[in-house]
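With TSV, C-alpha atoms inside, this is target22.tsv:
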chain	number	residue	atom	x	y	z
A	1	MET	CA	-47.27	0.11	57.26
A	2	ALA	CA	-46.52	-1.97	54.19
A	3	VAL	CA	-44.21	-1.44	51.25
A	4	VAL	CA	-45.90	-1.97	47.88
A	5	ILE	CA	-43.76	-2.33	44.75
A	6	PHE	CA	-45.41	-2.25	41.34
A	7	ASP	CA	-44.52	-3.42	37.89
A	8	LEU	CA	-45.21	-0.66	35.34
A	9	ASP	CA	-46.21	-1.72	31.80
A	10	GLY	CA	-49.42	-3.75	31.86
A	11	THR	CA	-49.86	-3.08	35.58
A	12	LEU	CA	-50.18	0.66	36.20
A	13	ILE	CA	-50.12	1.73	32.55
A	14	ASP	CA	-51.19	0.47	29.15
A	15	SER	CA	-48.17	1.49	27.09
A	16	ALA	CA	-48.53	-1.06	24.28
A	17	PRO	CA	-49.76	1.44	21.65
A	18	ASP	CA	-46.67	3.65	22.08
A	19	ILE	CA	-44.40	0.60	22.05
A	20	GLN	CA	-46.13	-0.60	18.88
A	21	GLY	CA	-45.56	2.79	17.29
A	22	ALA	CA	-41.84	2.68	18.05
A	23	VAL	CA	-41.49	-0.89	16.79
A	24	ASN	CA	-43.32	-0.12	13.56
A	25	ALA	CA	-41.29	3.03	12.94
A	26	MET	CA	-38.12	0.97	13.32
A	27	LEU	CA	-39.50	-1.69	11.00
A	28	ALA	CA	-40.49	0.91	8.40
A	29	ALA	CA	-36.95	2.27	8.42
A	30	GLU	CA	-35.73	-1.28	7.75
A	31	GLY	CA	-38.19	-1.82	4.89
A	32	GLN	CA	-40.26	-4.30	6.90
A	33	SER	CA	-44.02	-4.62	7.28
A	34	PRO	CA	-45.70	-3.30	10.47
A	35	LEU	CA	-46.96	-5.47	13.32
A	36	ASP	CA	-50.45	-5.27	14.78
A	37	LEU	CA	-51.05	-4.30	18.39
A	38	ALA	CA	-51.83	-7.82	19.58
A	39	THR	CA	-48.52	-9.14	18.22
A	40	VAL	CA	-46.44	-6.37	19.77
A	41	THR	CA	-48.28	-6.74	23.07
A	42	SER	CA	-47.46	-10.46	23.08
A	43	PHE	CA	-43.76	-9.53	22.82
A	44	ILE	CA	-43.82	-7.27	25.92
A	45	GLY	CA	-42.56	-8.48	29.28
A	46	ASN	CA	-38.86	-9.31	29.36
A	47	GLY	CA	-37.47	-5.88	28.56
A	48	LEU	CA	-36.83	-3.99	25.33
A	49	PRO	CA	-33.88	-6.07	24.07
A	50	LYS	CA	-35.99	-9.23	24.28
A	51	LEU	CA	-38.93	-7.51	22.61
A	52	VAL	CA	-36.73	-6.43	19.70
A	53	GLU	CA	-35.27	-9.95	19.51
A	54	ARG	CA	-38.80	-11.31	19.13
A	55	VAL	CA	-39.56	-8.74	16.43
A	56	ILE	CA	-36.39	-9.71	14.55
A	57	ARG	CA	-37.24	-13.40	14.71
A	58	HIS	CA	-40.84	-12.74	13.68
A	59	HIS	CA	-39.64	-10.98	10.52
A	60	ASP	CA	-36.67	-13.30	9.96
A	61	MET	CA	-34.30	-10.34	10.10
A	62	ASP	CA	-30.56	-10.44	10.77
A	63	MET	CA	-29.96	-11.07	14.48
A	64	ALA	CA	-26.51	-9.52	14.09
A	65	GLN	CA	-28.34	-6.18	13.92
A	66	HIS	CA	-30.03	-6.70	17.29
A	67	ALA	CA	-28.02	-4.11	19.26
A	68	ARG	CA	-28.52	-1.44	16.59
A	69	LEU	CA	-32.22	-2.14	16.16
A	70	THR	CA	-32.74	-2.11	19.94
A	71	ALA	CA	-31.02	1.28	20.17
A	72	ASP	CA	-33.07	2.58	17.23
A	73	THR	CA	-36.33	1.39	18.77
A	74	LEU	CA	-35.45	2.95	22.13
A	75	ALA	CA	-34.55	6.27	20.50
A	76	ILE	CA	-37.87	6.33	18.63
A	77	TYR	CA	-39.79	5.38	21.77
A	78	ASN	CA	-38.07	8.12	23.77
A	79	GLN	CA	-39.29	10.66	21.21
A	80	SER	CA	-42.91	9.47	21.37
A	81	ASP	CA	-43.75	11.53	24.48
A	82	SER	CA	-46.00	8.69	25.71
A	83	GLU	CA	-48.89	10.23	23.79
A	84	LEU	CA	-50.86	6.96	23.54
A	85	THR	CA	-50.00	5.56	26.99
A	86	ARG	CA	-52.86	5.50	29.48
A	87	LEU	CA	-53.31	4.67	33.14
A	88	TYR	CA	-55.54	1.74	33.94
A	89	PRO	CA	-58.82	2.78	35.58
A	90	HIS	CA	-58.69	3.90	39.23
A	91	VAL	CA	-54.87	3.73	39.48
A	92	ILE	CA	-54.47	7.33	40.64
A	93	ASP	CA	-57.19	7.11	43.31
A	94	THR	CA	-55.73	3.83	44.59
A	95	LEU	CA	-52.23	5.25	44.81
A	96	LYS	CA	-53.61	8.24	46.70
A	97	THR	CA	-55.41	5.91	49.10
A	98	LEU	CA	-52.31	3.81	49.76
A	99	LYS	CA	-50.19	6.91	50.27
A	100	ALA	CA	-52.76	8.42	52.65
A	101	GLN	CA	-52.71	5.17	54.64
A	102	GLY	CA	-48.95	5.60	55.09
A	103	HIS	CA	-47.76	2.84	52.78
A	104	ARG	CA	-44.50	3.38	50.91
A	105	MET	CA	-44.42	2.53	47.22
A	106	GLY	CA	-41.87	1.75	44.52
A	107	ILE	CA	-41.55	0.60	40.92
A	108	CYS	CA	-39.67	-2.46	39.64
A	109	THR	CA	-39.96	-2.78	35.86
A	110	ASN	CA	-38.07	-4.29	32.95
A	111	LYS	CA	-38.64	-1.03	31.06
A	112	PRO	CA	-35.37	0.95	30.79
A	113	LEU	CA	-35.03	3.45	33.61
A	114	GLY	CA	-35.03	6.57	31.43
A	115	PRO	CA	-38.32	5.82	29.66
A	116	ALA	CA	-39.84	4.61	32.94
A	117	LEU	CA	-39.06	7.90	34.67
A	118	HIS	CA	-40.31	9.81	31.63
A	119	VAL	CA	-43.68	8.09	31.55
A	120	LEU	CA	-44.11	8.47	35.32
A	121	LEU	CA	-43.49	12.21	34.94
A	122	HIS	CA	-45.78	12.45	31.89
A	123	LEU	CA	-48.65	10.78	33.78
A	124	ASP	CA	-47.97	12.74	36.99
A	125	LEU	CA	-47.12	9.60	38.96
A	126	GLY	CA	-43.58	10.41	40.09
A	127	GLY	CA	-44.54	11.77	43.49
A	128	PHE	CA	-46.00	8.45	44.62
A	129	PHE	CA	-42.83	6.36	44.43
A	130	ASP	CA	-39.75	6.38	46.66
A	131	VAL	CA	-37.76	4.06	44.39
A	132	VAL	CA	-37.81	3.27	40.66
A	133	ILE	CA	-35.80	0.29	39.42
A	134	GLY	CA	-35.63	-0.05	35.63
A	135	GLY	CA	-34.57	-2.89	33.39
A	136	ASP	CA	-31.08	-1.42	33.12
A	137	SER	CA	-30.71	-0.51	36.81
A	138	THR	CA	-29.13	-3.90	37.62
A	139	ASP	CA	-27.18	-6.51	35.68
A	140	ARG	CA	-30.24	-8.76	35.38
A	141	LYS	CA	-33.90	-8.43	34.52
A	142	LYS	CA	-37.01	-9.96	36.01
A	143	PRO	CA	-37.84	-12.78	36.65
A	144	ASP	CA	-34.35	-12.86	38.14
A	145	PRO	CA	-34.81	-11.70	41.75
A	146	MET	CA	-32.03	-9.10	41.57
A	147	PRO	CA	-34.14	-6.08	40.46
A	148	LEU	CA	-36.82	-6.64	43.09
A	149	GLN	CA	-34.19	-7.31	45.75
A	150	ARG	CA	-32.53	-4.03	44.76
A	151	ALA	CA	-35.83	-2.19	45.13
A	152	MET	CA	-36.38	-3.78	48.52
A	153	ALA	CA	-32.87	-2.89	49.66
A	154	ASP	CA	-33.29	0.70	48.50
A	155	MET	CA	-36.49	0.90	50.54
A	156	SER	CA	-34.84	-0.76	53.55
A	157	THR	CA	-37.31	-3.60	53.81
A	158	GLU	CA	-37.36	-7.36	53.58
A	159	THR	CA	-41.15	-7.65	53.30
A	160	ILE	CA	-43.28	-6.21	50.54
A	161	LEU	CA	-46.32	-6.81	48.39
A	162	TYR	CA	-45.31	-7.03	44.76
A	163	VAL	CA	-48.01	-6.10	42.23
A	164	GLY	CA	-47.73	-7.13	38.58
A	165	ASP	CA	-49.67	-8.37	35.59
A	166	SER	CA	-47.76	-11.32	34.20
A	167	GLU	CA	-46.17	-14.69	34.73
A	168	ILE	CA	-42.80	-12.90	34.72
A	169	ASP	CA	-43.86	-10.80	37.72
A	170	ALA	CA	-45.26	-13.87	39.45
A	171	GLU	CA	-41.98	-15.72	38.99
A	172	THR	CA	-40.08	-12.68	40.27
A	173	ALA	CA	-42.17	-12.69	43.44
A	174	VAL	CA	-41.63	-16.44	43.89
A	175	ASN	CA	-37.88	-15.99	43.40
A	176	THR	CA	-37.78	-13.36	46.15
A	177	GLY	CA	-40.24	-15.10	48.48
A	178	GLN	CA	-42.69	-12.20	48.53
A	179	PRO	CA	-46.50	-12.14	48.30
A	180	PHE	CA	-47.80	-11.29	44.85
A	181	ALA	CA	-50.98	-9.54	43.72
A	182	LEU	CA	-51.84	-10.32	40.09
A	183	PHE	CA	-53.57	-7.60	38.06
A	184	THR	CA	-55.50	-9.69	35.56
A	185	GLU	CA	-56.14	-7.01	32.89
A	186	GLY	CA	-52.56	-6.52	31.69
A	187	TYR	CA	-50.21	-8.36	29.34
A	188	ARG	CA	-50.14	-11.86	30.78
A	189	LYS	CA	-49.70	-14.69	28.29
A	190	ARG	CA	-50.99	-17.55	30.45
A	191	ASP	CA	-54.36	-18.28	31.97
A	192	ILE	CA	-54.84	-16.89	35.45
A	193	ALA	CA	-55.04	-20.44	36.82
A	194	ASP	CA	-51.55	-21.14	35.52
A	195	ILE	CA	-49.93	-18.18	37.31
A	196	PRO	CA	-48.97	-18.38	41.00
A	197	TYR	CA	-50.34	-15.49	43.06
A	198	THR	CA	-51.36	-14.58	46.57
A	199	GLN	CA	-54.36	-12.53	45.44
A	200	ALA	CA	-55.72	-11.63	42.00
A	201	PHE	CA	-57.73	-8.54	41.06
A	202	SER	CA	-59.14	-6.82	37.99
A	203	ASP	CA	-60.11	-3.49	39.59
A	204	PHE	CA	-57.51	-1.31	41.30
A	205	ARG	CA	-60.08	-0.23	43.86
A	206	ASP	CA	-59.71	-3.71	45.35
A	207	LEU	CA	-55.99	-3.36	46.03
A	208	PRO	CA	-56.15	-1.60	49.45
A	209	GLY	CA	-58.39	-4.38	50.74
A	210	ILE	CA	-56.05	-7.04	49.34
A	211	LEU	CA	-53.13	-5.37	51.09
A	212	ALA	CA	-55.05	-5.23	54.36
A	213	ARG	CA	-55.83	-8.98	54.14
A	214	ILE	CA	-52.22	-9.87	53.36
A	215	GLN	CA	-51.06	-7.81	56.33
A	216	GLY	CA	-53.48	-9.76	58.49
Using structure tokens, write down the structure from this file.
Amino acid sequence: MAVVIFDLDGTLIDSAPDIQGAVNAMLAAEGQSPLDLATVTSFIGNGLPKLVERVIRHHDMDMAQHARLTADTLAIYNQSDSELTRLYPHVIDTLKTLKAQGHRMGICTNKPLGPALHVLLHLDLGGFFDVVIGGDSTDRKKPDPMPLQRAMADMSTETILYVGDSEIDAETAVNTGQPFALFTEGYRKRDIADIPYTQAFSDFRDLPGILARIQG
């Protein structure tokens, strides 16, 4: 049986509205104007510190405050209870199918581990995954191969299918030499044709078949 490791934000879940809420609450406390959902979504992908850096640069704020503003945004986000975060269609049924087929599953995300575990619990996803690697679980973040390699090591495997939604996830898969399934409905910033992938899909019901083809 295969090991399938998923990205989280933009892949299994649409969390951008809750992230936008946390960013705008931080900005309001700093006397800054709010950002629309499309702008905040465009900042997602390299982890919370990078997102906050992009917010600071967008508003021409003081970069010396980056650590404090990152901590403030994280604290606000942790209090949000993931009220606006939603699963993409057919995720639960697909995870049930993969689990019933005997496949082991994990998470490798740039989202901090605490919030990642919280949202998995909130959406009743925790029981599907043997391993969860967050953006602060290793010294480096995706697309560096270290987080995915850590997930693979924790699951005692050298061969996986990595599933993600962005060019960052694609680069992570390339850097670890693993096949990559691109979910096209997430937070990618490039055209699909400009992202390297093994298979691409827009409907999670297609994923078991993709996995079967990759396994040969």
Find the spatial neighbours of A:Ala200, counting all atoms listed in the file, within a cut-off of 9 Å - ignore same-chain residues fewer than 5 positions away - and output them as a PDB file with C-alpha atoms, in the coordinates of the input.
ATOM      1  CA  PHE A 180     -47.800 -11.290  44.850  1.00  0.00           C
ATOM      2  CA  ALA A 181     -50.980  -9.540  43.720  1.00  0.00           C
ATOM      3  CA  LEU A 182     -51.840 -10.320  40.090  1.00  0.00           C
ATOM      4  CA  PHE A 183     -53.570  -7.600  38.060  1.00  0.00           C
ATOM      5  CA  THR A 184     -55.500  -9.690  35.560  1.00  0.00           C
ATOM      6  CA  ILE A 192     -54.840 -16.890  35.450  1.00  0.00           C
ATOM      7  CA  ILE A 210     -56.050  -7.040  49.340  1.00  0.00           C
TER       8      ILE A 210
END
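With only C-alpha atoms as the basis for measurement, A:Ile19 is the residue among A:Ile19, A:Leu27, A:Ala2, A:Val132 that approaches A:Thr85 most closely.
Going from atom CA of A:Met26 over to atom CA of A:His66, you cover 11.8 Å.
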For each of A:Ala22, A:Ala67, A:Leu121, A:Ala16, take the minimum atom-to-atom distance to A:Leu37, counting all atoms listed in the file, then give the residue where this is smallest. A:Ala16
A:Ala193 proximity check over A:Asn175, A:Ser137, A:Ser166, A:Thr70, using all atoms listed in the file: winner is A:Ser166
What is the atom CA of A:Ile76 to atom CA of A:Val91 distance in Å?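 Between these atoms lies a distance of 27.0 Å.
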Considering all atoms listed in the file, return as an mmCIF file with C-alpha atoms, in the frame of the given file whatever protein or nucleic-acid residues lie within 10 Å of A:Gln101, sequence-local ones (same chain, fewer than 5 positions apart) excluded.
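Final output, part_5.cif:
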data_model
loop_
_atom_site.group_PDB
_atom_site.id
_atom_site.type_symbol
_atom_site.label_atom_id
_atom_site.label_comp_id
_atom_site.auth_asym_id
_atom_site.auth_seq_id
_atom_site.Cartn_x
_atom_site.Cartn_y
_atom_site.Cartn_z
ATOM 1 C CA MET A 1 -47.270 0.110 57.260
ATOM 2 C CA ALA A 2 -46.520 -1.970 54.190
ATOM 3 C CA LEU A 95 -52.230 5.250 44.810
ATOM 4 C CA LYS A 96 -53.610 8.240 46.700
ATOM 5 C CA PRO A 208 -56.150 -1.600 49.450
#
So that I can see what lies close to A:Gln65, please list as a VMD selection string the residues with an atom at most 12 Å from it, counting all atoms listed in the file and leaving out residues fewer than 5 positions away in the same chain. chain A and resid 30 49 52 to 53 55 to 57 60 70 to 72
Tell me, in Å to one decimal, how far atom CA of A:Val131 is from atom CA of A:Gly114.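 Here the two named atoms are 13.5 Å from each other.
Minimum distance to A:Met152 across A:Glu171, A:Leu125, A:Met105, A:Leu211 (counting only C-alpha atoms) occurs at A:Met105.
Nearest to A:Asp136 of all the residues A:Met155, A:Val174, A:Met63, A:Cys108 is A:Cys108, counting all atoms listed in the file.
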I'd like the contact shell of A:Leu8 - 7 Å cut-off, all atoms listed in the file, skipping same-chain residues fewer than 4 positions apart - returned as number ranges by chain. A: 12-13, 107, 109
Keeping only C-alpha atoms, take the residues you just selected and write them out as a PDB file, in the coordinates of the input.
ATOM      1  CA  LEU A  12     -50.180   0.660  36.200  1.00  0.00           C
ATOM      2  CA  ILE A  13     -50.120   1.730  32.550  1.00  0.00           C
ATOM      3  CA  ILE A 107     -41.550   0.600  40.920  1.00  0.00           C
ATOM      4  CA  THR A 109     -39.960  -2.780  35.860  1.00  0.00           C
TER       5      THR A 109
END
Please return, as a ChimeraX atom specification, all polymer residues that have at least one atom within 12 Å of the point (-59.7, 2.9, 34.0); use all atoms listed in the file and the file's own coordinate frame. /A:11-14,86-94,185,202-205
Counting only C-alpha atoms, the residue of A:Arg104, A:Asp169, A:Gly177, A:Ile44 that sits nearest A:Gly127: A:Arg104
Pick out the residues sitting within 12 Å of A:Ser80, and hand them over as a PyMOL selection string; count all atoms listed in the file, and ignore anything fewer than 2 positions along from it in its own chain. chain A and resi 15+17-23+25+73-78+82-85+115+118-119+122
Residues of stretch 3-121 of chain A that approach stretch 138-149 of chain A to 10 Å or less, counting only C-alpha atoms: could you list each one with the shortest pair of atoms and its distance in Å to one decimal, rows by chain and increasing residue number, as JSON lines?
{"residue": "A:Ile5", "atom": "CA", "partner": "A:Leu148", "partner_atom": "CA", "distance": 8.3}
{"residue": "A:Phe6", "atom": "CA", "partner": "A:Leu148", "partner_atom": "CA", "distance": 9.8}
{"residue": "A:Asp7", "atom": "CA", "partner": "A:Leu148", "partner_atom": "CA", "distance": 9.8}
{"residue": "A:Gly45", "atom": "CA", "partner": "A:Lys142", "partner_atom": "CA", "distance": 8.8}
{"residue": "A:Asn46", "atom": "CA", "partner": "A:Lys142", "partner_atom": "CA", "distance": 6.9}
{"residue": "A:Gly47", "atom": "CA", "partner": "A:Lys141", "partner_atom": "CA", "distance": 7.4}
{"residue": "A:Gly106", "atom": "CA", "partner": "A:Leu148", "partner_atom": "CA", "distance": 9.9}
{"residue": "A:Ile107", "atom": "CA", "partner": "A:Leu148", "partner_atom": "CA", "distance": 8.9}
{"residue": "A:Cys108", "atom": "CA", "partner": "A:Leu148", "partner_atom": "CA", "distance": 6.1}
{"residue": "A:Thr109", "atom": "CA", "partner": "A:Lys142", "partner_atom": "CA", "distance": 7.8}
{"residue": "A:Asn110", "atom": "CA", "partner": "A:Lys141", "partner_atom": "CA", "distance": 6.1}
{"residue": "A:Lys111", "atom": "CA", "partner": "A:Lys141", "partner_atom": "CA", "distance": 9.4}
Centre and edge lengths of an axis-aligned box around all listed atoms of stretch 120-131 of chain A, with 3 Å added on each side, are to be given in Å to one decimal, as lines of an AutoDock Vina configuration file.
center_x = -43.2
center_y = 8.4
center_z = 39.3
size_x = 16.9
size_y = 14.7
size_z = 20.8
Stretch 79-185 of chain A dumped to file, C-alpha atoms, as a PDB file, in the first residue's frame:
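Saved result, out16.pdb, follows:
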ATOM      1  CA  GLN A  79      -8.447  32.325  18.936  1.00  0.00           C
ATOM      2  CA  SER A  80     -10.533  32.191  15.744  1.00  0.00           C
ATOM      3  CA  ASP A  81     -11.653  28.578  16.284  1.00  0.00           C
ATOM      4  CA  SER A  82     -11.453  27.989  12.508  1.00  0.00           C
ATOM      5  CA  GLU A  83     -15.047  29.161  12.187  1.00  0.00           C
ATOM      6  CA  LEU A  84     -14.724  30.130   8.512  1.00  0.00           C
ATOM      7  CA  THR A  85     -12.427  27.279   7.409  1.00  0.00           C
ATOM      8  CA  ARG A  86     -14.026  24.679   5.171  1.00  0.00           C
ATOM      9  CA  LEU A  87     -13.029  21.355   3.656  1.00  0.00           C
ATOM     10  CA  TYR A  88     -12.862  21.208  -0.102  1.00  0.00           C
ATOM     11  CA  PRO A  89     -15.633  19.071  -1.629  1.00  0.00           C
ATOM     12  CA  HIS A  90     -15.328  15.277  -1.287  1.00  0.00           C
ATOM     13  CA  VAL A  91     -12.208  15.409   0.930  1.00  0.00           C
ATOM     14  CA  ILE A  92     -13.720  13.341   3.739  1.00  0.00           C
ATOM     15  CA  ASP A  93     -15.077  10.624   1.437  1.00  0.00           C
ATOM     16  CA  THR A  94     -11.730  10.413  -0.369  1.00  0.00           C
ATOM     17  CA  LEU A  95      -9.781  10.105   2.863  1.00  0.00           C
ATOM     18  CA  LYS A  96     -12.158   7.367   3.981  1.00  0.00           C
ATOM     19  CA  THR A  97     -11.633   5.547   0.683  1.00  0.00           C
ATOM     20  CA  LEU A  98      -7.849   5.754   0.907  1.00  0.00           C
ATOM     21  CA  LYS A  99      -7.889   4.592   4.517  1.00  0.00           C
ATOM     22  CA  ALA A 100     -10.201   1.682   3.674  1.00  0.00           C
ATOM     23  CA  GLN A 101      -7.801   0.672   0.894  1.00  0.00           C
ATOM     24  CA  GLY A 102      -5.033   0.438   3.501  1.00  0.00           C
ATOM     25  CA  HIS A 103      -3.034   3.510   2.511  1.00  0.00           C
ATOM     26  CA  ARG A 104      -1.256   5.422   5.267  1.00  0.00           C
ATOM     27  CA  MET A 105      -1.566   9.203   5.277  1.00  0.00           C
ATOM     28  CA  GLY A 106       0.234  12.208   6.711  1.00  0.00           C
ATOM     29  CA  ILE A 107       0.314  16.008   6.620  1.00  0.00           C
ATOM     30  CA  CYS A 108       3.255  18.228   5.662  1.00  0.00           C
ATOM     31  CA  THR A 109       2.328  21.913   5.859  1.00  0.00           C
ATOM     32  CA  ASN A 110       4.000  25.277   6.363  1.00  0.00           C
ATOM     33  CA  LYS A 111       1.204  26.139   8.809  1.00  0.00           C
ATOM     34  CA  PRO A 112       2.526  26.140  12.402  1.00  0.00           C
ATOM     35  CA  LEU A 113       1.987  22.771  14.061  1.00  0.00           C
ATOM     36  CA  GLY A 114      -0.351  24.012  16.807  1.00  0.00           C
ATOM     37  CA  PRO A 115      -2.882  25.634  14.459  1.00  0.00           C
ATOM     38  CA  ALA A 116      -2.581  22.696  12.054  1.00  0.00           C
ATOM     39  CA  LEU A 117      -3.493  20.205  14.773  1.00  0.00           C
ATOM     40  CA  HIS A 118      -6.297  22.488  15.949  1.00  0.00           C
ATOM     41  CA  VAL A 119      -7.926  22.753  12.547  1.00  0.00           C
ATOM     42  CA  LEU A 120      -7.598  19.003  11.949  1.00  0.00           C
ATOM     43  CA  LEU A 121      -9.391  18.393  15.250  1.00  0.00           C
ATOM     44  CA  HIS A 122     -12.031  21.055  14.507  1.00  0.00           C
ATOM     45  CA  LEU A 123     -12.831  19.461  11.132  1.00  0.00           C
ATOM     46  CA  ASP A 124     -12.698  15.907  12.521  1.00  0.00           C
ATOM     47  CA  LEU A 125      -9.737  14.948  10.339  1.00  0.00           C
ATOM     48  CA  GLY A 126      -7.197  13.945  12.976  1.00  0.00           C
ATOM     49  CA  GLY A 127      -7.931  10.232  12.861  1.00  0.00           C
ATOM     50  CA  PHE A 128      -6.868   9.934   9.231  1.00  0.00           C
ATOM     51  CA  PHE A 129      -3.225  10.957   9.646  1.00  0.00           C
ATOM     52  CA  ASP A 130      -0.324   9.075  11.221  1.00  0.00           C
ATOM     53  CA  VAL A 131       2.052  12.051  11.059  1.00  0.00           C
ATOM     54  CA  VAL A 132       1.591  15.835  11.036  1.00  0.00           C
ATOM     55  CA  ILE A 133       4.602  18.011  10.221  1.00  0.00           C
ATOM     56  CA  GLY A 134       4.040  21.751  10.683  1.00  0.00           C
ATOM     57  CA  GLY A 135       5.997  24.766   9.542  1.00  0.00           C
ATOM     58  CA  ASP A 136       7.787  24.914  12.888  1.00  0.00           C
ATOM     59  CA  SER A 137       8.408  21.159  13.208  1.00  0.00           C
ATOM     60  CA  THR A 138      11.809  21.445  11.476  1.00  0.00           C
ATOM     61  CA  ASP A 139      14.398  24.183  11.019  1.00  0.00           C
ATOM     62  CA  ARG A 140      13.260  24.827   7.440  1.00  0.00           C
ATOM     63  CA  LYS A 141      10.025  25.258   5.543  1.00  0.00           C
ATOM     64  CA  LYS A 142       8.848  23.983   2.191  1.00  0.00           C
ATOM     65  CA  PRO A 143      10.008  24.075  -0.580  1.00  0.00           C
ATOM     66  CA  ASP A 144      13.116  22.956   1.293  1.00  0.00           C
ATOM     67  CA  PRO A 145      12.930  19.148   1.298  1.00  0.00           C
ATOM     68  CA  MET A 146      13.525  18.842   5.055  1.00  0.00           C
ATOM     69  CA  PRO A 147       9.861  18.897   6.216  1.00  0.00           C
ATOM     70  CA  LEU A 148       8.728  16.304   3.688  1.00  0.00           C
ATOM     71  CA  GLN A 149      11.787  14.168   4.384  1.00  0.00           C
ATOM     72  CA  ARG A 150      10.924  14.350   8.086  1.00  0.00           C
ATOM     73  CA  ALA A 151       7.372  13.221   7.366  1.00  0.00           C
ATOM     74  CA  MET A 152       8.672  10.359   5.256  1.00  0.00           C
ATOM     75  CA  ALA A 153      11.144   9.316   7.939  1.00  0.00           C
ATOM     76  CA  ASP A 154       8.442   9.412  10.615  1.00  0.00           C
ATOM     77  CA  MET A 155       6.324   7.133   8.433  1.00  0.00           C
ATOM     78  CA  SER A 156       9.289   4.845   7.701  1.00  0.00           C
ATOM     79  CA  THR A 157       9.088   5.158   3.952  1.00  0.00           C
ATOM     80  CA  GLU A 158      11.193   6.410   1.080  1.00  0.00           C
ATOM     81  CA  THR A 159       8.358   6.441  -1.460  1.00  0.00           C
ATOM     82  CA  ILE A 160       5.211   8.512  -1.236  1.00  0.00           C
ATOM     83  CA  LEU A 161       2.690  10.479  -3.241  1.00  0.00           C
ATOM     84  CA  TYR A 162       2.746  14.104  -2.182  1.00  0.00           C
ATOM     85  CA  VAL A 163      -0.486  16.043  -2.748  1.00  0.00           C
ATOM     86  CA  GLY A 164      -0.526  19.845  -2.763  1.00  0.00           C
ATOM     87  CA  ASP A 165      -2.009  22.884  -4.427  1.00  0.00           C
ATOM     88  CA  SER A 166       0.873  25.193  -5.265  1.00  0.00           C
ATOM     89  CA  GLU A 167       4.200  25.735  -6.929  1.00  0.00           C
ATOM     90  CA  ILE A 168       5.767  25.535  -3.458  1.00  0.00           C
ATOM     91  CA  ASP A 169       4.422  22.003  -3.004  1.00  0.00           C
ATOM     92  CA  ALA A 170       5.538  21.068  -6.511  1.00  0.00           C
ATOM     93  CA  GLU A 171       9.061  22.293  -5.798  1.00  0.00           C
ATOM     94  CA  THR A 172       9.059  20.392  -2.505  1.00  0.00           C
ATOM     95  CA  ALA A 173       8.190  17.177  -4.331  1.00  0.00           C
ATOM     96  CA  VAL A 174      10.904  17.821  -6.926  1.00  0.00           C
ATOM     97  CA  ASN A 175      13.441  18.482  -4.166  1.00  0.00           C
ATOM     98  CA  THR A 176      12.621  15.135  -2.546  1.00  0.00           C
ATOM     99  CA  GLY A 177      12.279  13.174  -5.792  1.00  0.00           C
ATOM    100  CA  GLN A 178       8.699  12.129  -5.111  1.00  0.00           C
ATOM    101  CA  PRO A 179       5.651  12.008  -7.407  1.00  0.00           C
ATOM    102  CA  PHE A 180       3.328  14.973  -7.003  1.00  0.00           C
ATOM    103  CA  ALA A 181      -0.431  15.304  -7.468  1.00  0.00           C
ATOM    104  CA  LEU A 182      -1.494  18.927  -8.008  1.00  0.00           C
ATOM    105  CA  PHE A 183      -4.906  19.981  -6.685  1.00  0.00           C
ATOM    106  CA  THR A 184      -5.774  22.789  -9.073  1.00  0.00           C
ATOM    107  CA  GLU A 185      -8.456  24.556  -6.992  1.00  0.00           C
TER     108      GLU A 185
END
